[in-house]
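Engineer: File name upload-v9.cif; file contents mmCIF, C-alpha atoms; full text below.
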```
data_start
loop_
_atom_site.label_atom_id
_atom_site.label_comp_id
_atom_site.auth_asym_id
_atom_site.auth_seq_id
_atom_site.Cartn_x
_atom_site.Cartn_y
_atom_site.Cartn_z
CA MET A 1 17.27 9.65 1.76
CA GLN A 2 17.50 12.39 4.40
CA THR A 3 16.47 11.98 8.02
CA LYS A 4 15.23 14.50 10.55
CA THR A 5 15.44 13.83 14.27
CA GLN A 6 13.27 15.30 17.00
CA THR A 7 13.02 14.43 20.67
CA TRP A 8 9.79 12.68 21.63
CA ARG A 9 10.14 11.54 25.20
CA GLU A 10 12.32 9.28 27.23
CA THR A 11 10.91 6.45 29.33
CA PRO A 12 12.46 3.21 30.52
CA LEU A 13 12.08 0.09 28.40
CA LYS A 14 8.62 -1.38 28.87
CA SER A 15 7.11 -4.77 28.37
CA ILE A 16 5.13 -5.16 25.18
CA LYS A 17 1.78 -5.01 26.98
CA ASP A 18 2.59 -1.50 28.25
CA MET A 19 3.96 -0.13 24.97
CA THR A 20 2.18 2.56 23.02
CA MET A 21 1.84 2.13 19.28
CA ALA A 22 4.89 4.34 18.64
CA GLU A 23 6.93 2.46 21.23
CA LEU A 24 6.00 -0.94 19.86
CA ALA A 25 6.79 0.18 16.31
CA ALA A 26 10.20 1.50 17.41
CA PHE A 27 10.87 -1.68 19.37
CA VAL A 28 10.14 -3.87 16.34
CA GLN A 29 12.13 -1.57 14.07
CA ALA A 30 15.16 -1.73 16.38
CA SER A 31 15.03 -5.53 16.49
CA LEU A 32 14.81 -5.71 12.71
CA ARG A 33 17.55 -3.13 12.31
CA ASP A 34 19.88 -5.36 14.35
CA LYS A 35 19.45 -7.91 11.55
CA GLY A 36 20.04 -5.32 8.83
CA ILE A 37 16.36 -4.94 7.98
CA ASP A 38 15.15 -1.38 7.44
CA VAL A 39 11.43 -0.74 7.89
CA VAL A 40 9.60 2.58 8.16
CA LEU A 41 6.28 3.27 9.83
CA SER A 42 3.57 4.31 7.39
CA GLY A 43 -0.22 4.11 7.05
CA GLY A 44 -2.92 4.74 9.65
CA ALA A 45 -0.54 4.39 12.62
CA CYS A 46 1.16 7.61 11.50
CA VAL A 47 -2.21 9.36 11.50
CA SER A 48 -2.81 8.08 15.01
CA ILE A 49 0.59 9.33 16.21
CA TYR A 50 0.55 12.69 14.43
CA SER A 51 -3.06 13.47 15.37
CA GLY A 52 -2.33 12.77 19.03
CA GLY A 53 -4.73 9.84 19.10
CA LYS A 54 -7.72 11.57 17.45
CA TYR A 55 -7.71 8.69 15.02
CA VAL A 56 -7.22 5.20 16.43
CA SER A 57 -5.47 2.50 14.43
CA MET A 58 -4.50 -0.93 15.68
CA ASP A 59 -2.44 -1.69 12.60
CA ILE A 60 1.30 -0.98 12.59
CA ASP A 61 2.36 -0.85 8.94
CA LEU A 62 6.12 -1.19 8.68
CA VAL A 63 7.09 -0.80 5.06
CA ASN A 64 9.87 -3.09 4.01
CA ASN A 65 12.19 -0.44 2.62
CA ARG A 66 14.82 -2.69 1.09
CA PHE A 67 14.63 -6.27 -0.04
CA ALA A 68 14.25 -8.21 3.19
CA THR A 69 12.46 -11.49 2.62
CA ARG A 70 9.37 -12.54 4.51
CA ARG A 71 11.39 -15.39 5.99
CA GLU A 72 13.97 -12.98 7.47
CA ILE A 73 11.24 -10.80 8.95
CA ARG A 74 9.32 -13.82 10.29
CA TYR A 75 12.45 -15.05 12.07
CA VAL A 76 12.91 -11.77 13.97
CA MET A 77 9.20 -11.42 14.76
CA ARG A 78 9.07 -14.92 16.23
CA GLU A 79 12.08 -14.09 18.40
CA LEU A 80 10.04 -11.17 19.76
CA GLY A 81 7.11 -13.46 20.54
CA PHE A 82 4.92 -12.55 17.58
CA GLU A 83 2.92 -15.14 15.73
CA GLU A 84 2.24 -14.91 12.01
CA GLN A 85 -1.44 -14.87 11.16
CA GLY A 86 -2.01 -14.39 7.46
CA ARG A 87 -0.27 -11.18 6.48
CA HIS A 88 -0.22 -9.89 10.08
CA PHE A 89 1.90 -10.61 13.12
CA ILE A 90 0.07 -10.73 16.44
CA HIS A 91 1.36 -10.89 20.02
CA PRO A 92 -0.46 -12.27 23.07
CA ASP A 93 0.37 -9.18 25.15
CA THR A 94 -1.06 -6.52 22.84
CA ASP A 95 -4.10 -5.85 20.67
CA LEU A 96 -1.88 -4.03 18.19
CA PHE A 97 -0.83 -6.01 15.17
CA VAL A 98 2.09 -5.56 12.81
CA GLU A 99 2.06 -5.78 9.06
CA PHE A 100 4.87 -5.45 6.54
CA PRO A 101 3.48 -3.94 3.33
CA PRO A 102 5.76 -4.42 0.33
CA GLY A 103 8.26 -1.71 -0.52
CA PRO A 104 9.53 0.50 -1.89
CA LEU A 105 8.55 3.23 0.52
CA SER A 106 6.45 5.49 -1.65
CA VAL A 107 3.53 7.88 -1.74
CA GLY A 108 1.67 7.37 -4.98
CA GLN A 109 4.14 7.31 -7.84
CA GLU A 110 7.02 8.89 -5.92
CA PRO A 111 9.56 7.53 -3.43
CA VAL A 112 9.54 8.95 0.08
CA LYS A 113 12.59 11.22 0.16
CA GLU A 114 12.72 12.05 3.85
CA VAL A 115 12.10 9.89 6.91
CA GLU A 116 11.55 11.42 10.34
CA GLU A 117 13.28 9.92 13.36
CA ILE A 118 11.56 10.37 16.69
CA GLU A 119 13.05 9.21 19.99
CA VAL A 120 10.54 7.17 21.99
CA GLY A 121 10.91 5.08 25.13
CA THR A 122 11.92 1.98 23.24
CA GLY A 123 14.32 3.57 20.77
CA LEU A 124 14.25 5.49 17.53
CA LEU A 125 10.99 5.50 15.61
CA ARG A 126 11.48 5.87 11.86
CA ILE A 127 8.28 7.28 10.43
CA ILE A 128 7.16 9.07 7.28
CA SER A 129 6.87 12.84 7.73
CA PRO A 130 3.52 14.54 8.46
CA THR A 131 3.51 15.91 4.90
CA ASP A 132 4.09 12.44 3.42
CA CYS A 133 1.47 11.05 5.79
CA VAL A 134 -1.04 13.54 4.36
CA LYS A 135 -0.02 12.54 0.82
CA ASP A 136 -0.34 8.86 1.72
CA ARG A 137 -3.89 9.37 2.99
CA LEU A 138 -4.79 11.58 0.04
CA ALA A 139 -3.59 8.88 -2.37
CA ALA A 140 -6.37 6.62 -1.07
CA TYR A 141 -8.86 9.50 -1.28
CA TYR A 142 -7.80 10.45 -4.80
CA HIS A 143 -7.77 6.95 -6.26
CA TRP A 144 -10.57 5.24 -4.35
CA ASN A 145 -12.62 8.21 -3.16
CA ASP A 146 -12.01 6.99 0.40
CA LEU A 147 -13.54 9.77 2.51
CA GLN A 148 -12.21 8.27 5.75
CA CYS A 149 -8.69 8.80 4.44
CA LEU A 150 -9.51 12.42 3.56
CA GLU A 151 -10.64 12.96 7.15
CA GLN A 152 -7.41 11.37 8.39
CA ALA A 153 -5.36 13.71 6.17
CA VAL A 154 -7.27 16.67 7.63
CA LEU A 155 -6.59 15.44 11.19
CA VAL A 156 -2.85 15.34 10.51
CA ALA A 157 -2.93 18.75 8.80
CA GLU A 158 -4.73 20.22 11.81
CA ALA A 159 -2.17 18.82 14.25
CA LYS A 160 1.11 19.22 12.38
CA ALA A 161 2.80 21.70 10.05
CA ILE A 162 2.26 20.48 6.48
CA ASP A 163 4.07 21.66 3.36
CA LEU A 164 0.98 22.36 1.28
CA ASP A 165 3.05 23.51 -1.71
CA GLU A 166 4.66 20.07 -1.74
CA VAL A 167 1.28 18.36 -1.44
CA GLU A 168 0.06 20.46 -4.37
CA ARG A 169 3.12 19.56 -6.49
CA TRP A 170 2.66 15.88 -5.67
CA SER A 171 -1.07 16.04 -6.42
CA ARG A 172 -0.24 17.46 -9.85
CA VAL A 173 2.15 14.55 -10.51
CA GLU A 174 -0.65 12.16 -9.50
CA GLY A 175 -2.95 13.90 -11.99
CA LYS A 176 -5.20 15.06 -9.14
CA LEU A 177 -4.65 18.82 -9.01
CA GLY A 178 -8.37 19.55 -9.34
CA GLU A 179 -9.16 17.26 -6.44
CA PHE A 180 -6.40 18.91 -4.36
CA ARG A 181 -7.77 22.39 -5.01
CA ALA A 182 -11.22 21.21 -3.98
CA ILE A 183 -9.96 20.17 -0.53
CA LEU A 184 -7.21 22.76 -0.02
CA ASN A 185 -9.30 24.82 2.41
CA ARG A 186 -9.81 21.80 4.61
CA LEU A 187 -6.10 20.97 4.69
CA ALA A 188 -5.25 24.62 5.37
CA GLY A 189 -7.64 24.68 8.31
CA GLY A 190 -10.37 26.60 6.53
CA GLY A 191 -13.11 24.06 7.15
CA THR A 192 -15.34 22.59 4.45
CA MET B 1 6.88 -12.30 -24.23
CA LEU B 2 7.72 -11.01 -20.76
CA GLU B 3 8.16 -14.42 -19.19
CA PRO B 4 11.94 -13.99 -18.71
CA LEU B 5 11.24 -10.80 -16.76
CA LEU B 6 8.13 -11.85 -14.88
CA GLY B 7 9.27 -15.42 -14.27
CA SER B 8 6.01 -16.98 -15.37
CA LYS B 9 3.79 -17.15 -18.42
CA ASN B 10 0.72 -16.91 -16.21
CA ALA B 11 2.02 -13.75 -14.53
CA GLU B 12 2.22 -12.14 -17.97
CA ARG B 13 -1.22 -13.43 -18.93
CA THR B 14 -2.69 -12.10 -15.70
CA LEU B 15 -1.20 -8.64 -16.11
CA ILE B 16 -2.06 -8.39 -19.82
CA TYR B 17 -5.64 -9.40 -19.06
CA LEU B 18 -5.96 -6.74 -16.35
CA LEU B 19 -4.30 -4.14 -18.57
CA VAL B 20 -6.91 -4.59 -21.26
CA ARG B 21 -10.00 -5.42 -19.22
CA ARG B 22 -9.06 -3.34 -16.15
CA GLU B 23 -10.30 -5.99 -13.73
CA GLY B 24 -10.76 -9.71 -13.50
CA TYR B 25 -10.87 -12.75 -11.28
CA ALA B 26 -8.87 -15.97 -11.33
CA ARG B 27 -11.39 -18.29 -13.00
CA GLU B 28 -12.28 -15.72 -15.65
CA ILE B 29 -8.63 -15.06 -16.54
CA ALA B 30 -7.80 -18.77 -16.54
CA ARG B 31 -10.79 -19.52 -18.76
CA PHE B 32 -9.76 -16.89 -21.27
CA PHE B 33 -6.23 -18.21 -21.65
CA GLY B 34 -7.06 -21.88 -21.10
CA SER B 35 -4.76 -21.86 -18.04
CA ASP B 36 -4.97 -23.65 -14.73
CA PRO B 37 -7.12 -21.48 -12.37
CA ASP B 38 -4.90 -22.34 -9.40
CA SER B 39 -1.82 -21.06 -11.20
CA ILE B 40 -3.56 -17.82 -12.12
CA HIS B 41 -4.86 -17.50 -8.55
CA LYS B 42 -1.29 -17.90 -7.22
CA GLN B 43 -0.11 -15.12 -9.52
CA LEU B 44 -2.93 -12.83 -8.43
CA VAL B 45 -2.16 -13.45 -4.76
CA LYS B 46 1.56 -12.87 -5.33
CA LEU B 47 0.97 -9.66 -7.27
CA GLU B 48 -1.44 -8.40 -4.61
CA ALA B 49 1.07 -9.19 -1.85
CA GLY B 50 3.67 -7.25 -3.83
CA GLY B 51 1.43 -4.19 -4.04
CA VAL B 52 1.01 -4.41 -7.83
CA LEU B 53 -2.67 -5.35 -7.66
CA VAL B 54 -5.54 -4.70 -5.30
CA ALA B 55 -8.62 -6.85 -4.81
CA ARG B 56 -12.19 -6.16 -3.79
CA PRO B 57 -14.77 -8.75 -2.84
CA VAL B 58 -17.78 -9.16 -5.13
CA GLY B 59 -19.98 -11.78 -3.52
CA ARG B 60 -17.63 -14.69 -2.90
CA THR B 61 -15.25 -13.66 -5.66
CA ARG B 62 -12.16 -11.52 -5.32
CA VAL B 63 -11.94 -9.15 -8.27
CA TYR B 64 -8.46 -7.82 -8.99
CA SER B 65 -7.26 -4.64 -10.67
CA PHE B 66 -4.04 -2.64 -10.81
CA ASN B 67 -3.15 -0.79 -7.62
CA PRO B 68 -3.23 2.91 -8.54
CA ARG B 69 -0.76 3.54 -5.70
CA TYR B 70 1.88 1.14 -7.04
CA PRO B 71 4.90 3.41 -7.65
CA PHE B 72 5.91 1.71 -10.92
CA LEU B 73 2.40 1.46 -12.34
CA LYS B 74 2.91 3.87 -15.21
CA GLN B 75 6.13 2.16 -16.27
CA LEU B 76 4.67 -1.33 -15.85
CA LYS B 77 1.66 -0.47 -17.98
CA ALA B 78 3.94 1.00 -20.65
CA LEU B 79 5.89 -2.26 -20.72
CA LEU B 80 2.72 -4.34 -20.91
CA GLU B 81 1.31 -2.13 -23.67
CA LYS B 82 4.50 -2.64 -25.64
CA ALA B 83 4.26 -6.40 -25.10
CA LEU B 84 0.63 -6.34 -26.18
CA THR B 85 1.61 -4.95 -29.59
CA PHE B 86 3.43 -8.26 -30.20
CA TYR B 87 0.25 -10.26 -29.61
CA SER B 88 -1.69 -11.25 -32.71
CA LEU B 89 -4.55 -9.04 -33.86
CA GLU B 90 -6.91 -11.90 -33.09
CA GLU B 91 -5.63 -12.19 -29.51
CA ARG B 92 -5.86 -8.45 -28.94
CA GLU B 93 -9.39 -8.27 -30.31
CA SER B 94 -10.44 -11.24 -28.28
CA LEU B 95 -9.06 -9.61 -25.12
CA ALA B 96 -10.76 -6.31 -25.85
CA LEU B 97 -14.13 -7.70 -26.81
CA CYS B 98 -16.17 -8.51 -23.77
CA ARG B 99 -19.55 -7.42 -22.55
CA ARG B 100 -19.23 -4.86 -19.71
CA ARG B 101 -22.63 -3.22 -19.91
CA PRO B 102 -25.35 -4.44 -17.53
CA ARG B 103 -27.83 -7.14 -18.51
CA ARG B 104 -31.37 -6.95 -17.20
CA GLY B 105 -32.42 -10.00 -15.18
CA GLY B 106 -34.60 -12.48 -17.08
CA LYS B 107 -33.89 -10.90 -20.45
CA PRO B 108 -34.16 -13.46 -23.27
CA LEU B 109 -30.98 -13.92 -25.32
#
```
How does this structure look as structure tokens?
Structural biologist:
Amino acid sequence: MQTKTQTWRETPLKSIKDMTMAELAAFVQASLRDKGIDVVLSGGACVSIYSGGKYVSMDIDLVNNRFATRREIRYVMRELGFEEQGRHFIHPDTDLFVEFPPGPLSVGQEPVKEVEEIEVGTGLLRIISPTDCVKDRLAAYYHWNDLQCLEQAVLVAEAKAIDLDEVERWSRVEGKLGEFRAILNRLAGGGT
Amino acid sequence: MLEPLLGSKNAERTLIYLLVRREGYAREIARFFGSDPDSIHKQLVKLEAGGVLVARPVGRTRVYSFNPRYPFLKQLKALLEKALTFYSLEERESLALCRRRPRRGGKPL
């Protein structure tokens, strides 16, 4: 798996109550990484980050990229002050909650090949790329006709450079080329 | 058939049922196989947590189906289809035969 690094911003370490979503995700990732647990940010939080907050998500999905057990993750999260509530982890100092969807890190039928690394105030944020974020949202649109996810994909495509050829190739693999062509104008910024 | 791989007879039953009928809920699956509903429910919950299945609420029931975003779905279904060929004709027919069309309320049998 390749990684790409870009500078985000540098701020001093904050308390959890002052952390942005990206900072909290990076903070949790760093703590897990210290224990040899690799997790990558995926899902709606990526839309929120890449769209510059045009979409708001309170859910930090950190995909368990290897084979860390729930017990190992729970141990680290409790050390950070999080409490397990069902499948989520909550913290008294933030409204954001953390979830660990099962791996492997994938978009539809394919593994994620490239993870972006963005420097934030609390460390390195490992996050799926904008193009994979669009594919991730489109997977929900393609398979469940989830129009909210289509709108989220469009928000990311409007804010970030997307490899539309790659999205088209992936859509073909998913058996959804017709659906991709129907929305291509929207992803390319051509409106409805 | 796949018990050594899946670790449980009820996991296989659950997946085979969903392969053929596309969706199902714990009590329905348990009734079909004559299994313990709690055991089937545990398998459904485990498979959902693992991303293999998804569930949607229908009234107070959670109806499960395969997760179309599960990266190994195609391969898993191929394996289950192969396993299904080893089931007896009677079992396969019984799995496949179920009413899915709507029934008008109050219609006499």
Engineer: List, as an MDAnalysis selection string, every residue that the PyMOL selection byres ((chain A and resi 152) around 12) selects in the file provided.
Structural biologist: chainID A and resid 43:57 130 133:141 146:151 153:159 186:187
Engineer: Which residues are near B:Leu47? Cut-off 12 Å, all atoms listed in the file, ignore same chain within fewer than 6 positions. Put them as a list in words.
Structural biologist: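 Counting all atoms listed in the file, the residues come to Pro102 of chain A; Leu6, Asn10, Ala11, Glu12, Thr14, Leu15, Leu18, Ile40, His41, Leu53, Val54, Ala55, Tyr64, Ser65, Phe66, Asn67 and Tyr70 of chain B.
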Engineer: List the residues matched by the PyMOL selection byres ((chain A) within 7 of (chain B)) in the displayed structure as a list in words, ordered by chain and then by residue number.
Structural biologist: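 Given this file, the PyMOL selection byres ((chain A) within 7 of (chain B)) evaluates to Pro102, Ser106, Gly108, Gln109, Glu110, Ala139 and His143 of chain A.
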Engineer: Could those residues be written to a file, using C-alpha atoms, as a PDB file, keeping the file's coordinate frame?
Structural biologist:
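And here's again_12.pdb as it stands now:
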```pdb
ATOM      1  CA  PRO A 102       5.760  -4.420   0.330  1.00  0.00           C
ATOM      2  CA  SER A 106       6.450   5.490  -1.650  1.00  0.00           C
ATOM      3  CA  GLY A 108       1.670   7.370  -4.980  1.00  0.00           C
ATOM      4  CA  GLN A 109       4.140   7.310  -7.840  1.00  0.00           C
ATOM      5  CA  GLU A 110       7.020   8.890  -5.920  1.00  0.00           C
ATOM      6  CA  ALA A 139      -3.590   8.880  -2.370  1.00  0.00           C
ATOM      7  CA  HIS A 143      -7.770   6.950  -6.260  1.00  0.00           C
TER       8      HIS A 143
END
```
Engineer: Please, what distance in Å, to one decimal, runs between atom CA of A:Glu84 and atom CA of A:Leu96?
Structural biologist: 13.2 Å
Engineer: In Å to one decimal, how far is atom CA of B:Gly105 from atom CA of B:Val58?
Structural biologist: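 Value for the atom CA of B:Val58-atom CA of B:Gly105 distance: 17.8 Å.
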Engineer: Which polymer residues have any atom within 12 Å of an atom of B:Glu93, counting all atoms listed in the file, with same-chain residues fewer than 3 positions away left out, as a ChimeraX atom specification?
Structural biologist: /B:17,20-21,84-85,87-90,96-98
Engineer: What lies within 8 Å of A:Gly123 using only C-alpha atoms, ignoring chain neighbours under 5 positions off, as a PDB file with C-alpha atoms, in the frame of the given file?
Structural biologist:
```
ATOM      1  CA  GLU A  23       6.930   2.460  21.230  1.00  0.00           C
ATOM      2  CA  ALA A  26      10.200   1.500  17.410  1.00  0.00           C
ATOM      3  CA  PHE A  27      10.870  -1.680  19.370  1.00  0.00           C
ATOM      4  CA  ALA A  30      15.160  -1.730  16.380  1.00  0.00           C
TER       5      ALA A  30
END
```
Engineer: Closest to A:Phe100 among A:Tyr142, A:Gly86, A:Leu125, A:Val39, using all atoms listed in the file?
Structural biologist: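 Once distances to A:Phe100 are computed over all atoms listed in the file, the minimum belongs to A:Val39.
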Engineer: Given the file shown, enumerate the residues that the PyMOL selection byres ((chain A and resi 122) around 12) captures and present them as a PyMOL selection string.
Structural biologist: chain A and resi 8-16+18-31+118-121+123-125
Engineer: Just the residues within 9 Å of A:Ala68, please, counting all atoms listed in the file, with nothing from its chain fewer than 4 positions along; format it as a ChimeraX atom specification.
Structural biologist: /A:36-38,64,72-73
Engineer: May I ask for the distance between atom CA of A:Glu83 and atom CA of A:Val63, given in Å to one decimal place?
Structural biologist: 18.4 Å
Engineer: Which of these, B:Arg103, B:Arg60, B:Lys77, B:Lys46, has the shortest distance to B:Ser8 once you count all atoms listed in the file?
Structural biologist: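 Nearest candidate to B:Ser8 out of B:Arg103, B:Arg60, B:Lys77, B:Lys46: B:Lys46.
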